[in-house]
Amino acid sequence: MSDIKVRAKLDGTETVVKCLISHPMENGLRKDAKTGELVPAHFIEEVVCKWKGEVVLTASWSGGVSKNPYLSFKFLGGAAGDPVEITWKDNLGQSQSETAPIS
Amino acid sequence: MIDTTRRTLLKGSLAIGPVGAAVALAPGLLLAGWNQAAFESQDLGSALKNLLGSSAPETNDAVRIKAPDLAENGAVVPVTVETSLPNVTAIAIVAVGNERPLVASFVLGPAALPYVSTRVKMAKTADLIAVVQQGERSFSNTKNVKVTIGGCGG
């Protein structure tokens, strides 16, 4: 079970991609309410979005992006059924990937 | 014995040093990988400088930034950046009031349209700046967002 939800939809000539990633996005500056200690940084640094293997968008993030990040972007040239792949990598080296067809 | 290992280590780190510095000095948006210098900058000026190189962005109304006038929750502020400018290579979002102002930067591939939408944290009422890079030049637009409940320190 992947923690990335990807929806890619054709709208005329544009393909609109919306994705939702489950991630704590801790920026390393927040204190734990109980212990008063800093919560270690744990956030997504890079999201690579590919369409048929071609990189459409590369996002670089800081811990300033909200928890469970949402990302939407658009591109030209997509056709129904083409695969859209979203891959993220965080500052601890974890990563995850999800592919969805354009509908 | 221990000392020789230490020397080798020192030499090794010296060799890496200048290369690392050169990478950090190159204009960041076009650079592959995570721009640590820009993301760890603590003020607007150095964040933009590390991100874009030397050039300061010009204000341009063709850059449209959509965000609420009033955010009830600073931890989740929806932001959409869009522009009618052609040949956009990169887009960045900056929250001026945050401890680390640069929130996100996006490098657009040839097929991508100049549009990104995401959600960001805002530590306090402040300006959100959208920066759009078009080759060597960059343009920006600003939107003030009032935050009623504190975010997560951005």
# chains A, B, ... in the order shown; residues from 1 in each chain; ligands from 1

$ interface_residues --of "chain A" --to "chain B" --cutoff "9 Å" --atoms "only C-alpha atoms" --output "JSON, numbers by chain"
{"A": [14, 18, 26, 27, 29, 30, 45, 46, 54, 55, 56, 57, 58, 59, 60, 61, 62, 63, 64, 65, 66, 67, 69, 70, 71, 72, 73, 74, 75, 76, 77]}

$ select_by_dssp --residues "chain A" --states "strand (DSSP E)" --output "PyMOL selection string"
chain A and resi 4-11+14-21+44-51+54-61+70-76+83-90+95-101

$ write_last_selection --atoms "C-alpha atoms" --output "CSV table (one decimal), in the first residue's frame"
chain,number,residue,atom,x,y,z
A,4,ILE,CA,0.9,8.4,-2.6
A,5,LYS,CA,-2.3,9.2,-4.3
A,6,VAL,CA,-2.0,10.3,-7.9
A,7,ARG,CA,-4.8,11.5,-10.2
A,8,ALA,CA,-4.0,12.5,-13.7
A,9,LYS,CA,-6.8,13.9,-15.8
A,10,LEU,CA,-7.0,15.1,-19.4
A,11,ASP,CA,-8.6,18.5,-19.8
A,14,GLU,CA,-3.7,19.9,-20.8
A,15,THR,CA,-3.1,17.1,-18.4
A,16,VAL,CA,-3.8,18.1,-14.8
A,17,VAL,CA,-2.0,16.0,-12.2
A,18,LYS,CA,-2.9,16.1,-8.5
A,19,CYS,CA,-1.1,14.2,-5.9
A,20,LEU,CA,-1.3,13.7,-2.2
A,21,ILE,CA,1.6,12.2,-0.2
A,44,ILE,CA,10.6,15.4,1.6
A,45,GLU,CA,13.4,17.1,-0.2
A,46,GLU,CA,12.7,16.1,-3.8
A,47,VAL,CA,9.7,15.0,-5.8
A,48,VAL,CA,10.2,13.9,-9.4
A,49,CYS,CA,7.2,13.8,-11.7
A,50,LYS,CA,7.5,11.8,-14.9
A,51,TRP,CA,5.3,11.3,-17.8
A,54,GLU,CA,10.2,12.0,-19.3
A,55,VAL,CA,10.7,14.4,-16.3
A,56,VAL,CA,8.0,17.0,-16.4
A,57,LEU,CA,8.5,18.6,-13.0
A,58,THR,CA,11.1,18.4,-10.2
A,59,ALA,CA,10.1,19.8,-6.9
A,60,SER,CA,12.6,20.7,-4.2
A,61,TRP,CA,11.0,21.3,-0.8
A,70,TYR,CA,-0.4,18.2,-1.8
A,71,LEU,CA,1.0,19.0,-5.3
A,72,SER,CA,-0.7,19.8,-8.5
A,73,PHE,CA,0.8,20.7,-11.9
A,74,LYS,CA,-0.1,20.7,-15.5
A,75,PHE,CA,1.6,19.6,-18.7
A,76,LEU,CA,0.9,19.4,-22.4
A,83,PRO,CA,1.6,6.6,-17.2
A,84,VAL,CA,2.4,9.4,-14.8
A,85,GLU,CA,5.0,8.5,-12.1
A,86,ILE,CA,5.6,10.4,-8.9
A,87,THR,CA,8.7,9.6,-6.8
A,88,TRP,CA,9.6,11.4,-3.6
A,89,LYS,CA,12.8,11.2,-1.5
A,90,ASP,CA,13.2,12.6,2.0
A,95,SER,CA,11.7,7.2,-0.9
A,96,GLN,CA,8.5,6.0,-2.5
A,97,SER,CA,7.0,5.9,-6.0
A,98,GLU,CA,3.6,5.6,-7.5
A,99,THR,CA,2.3,5.4,-11.1
A,100,ALA,CA,-1.1,6.2,-12.4
A,101,PRO,CA,-2.5,6.3,-15.9

$ atom_distance --atom1 "CA of Gly81 in chain A" --atom2 "CA of Ser22 in chain A"
25.0 Å

$ atom_distance --atom1 "CA of Val88 in chain B" --atom2 "CA of Ser138 in chain B"
9.2 Å

$ atom_distance --atom1 "CA of Gln134 in chain B" --atom2 "CA of Met25 in chain A"
29.5 Å

$ select_by_dssp --residues "range 40-122 of chain B" --states "alpha helix (DSSP H)" --output "PyMOL selection string"
chain B and resi 40+44-52
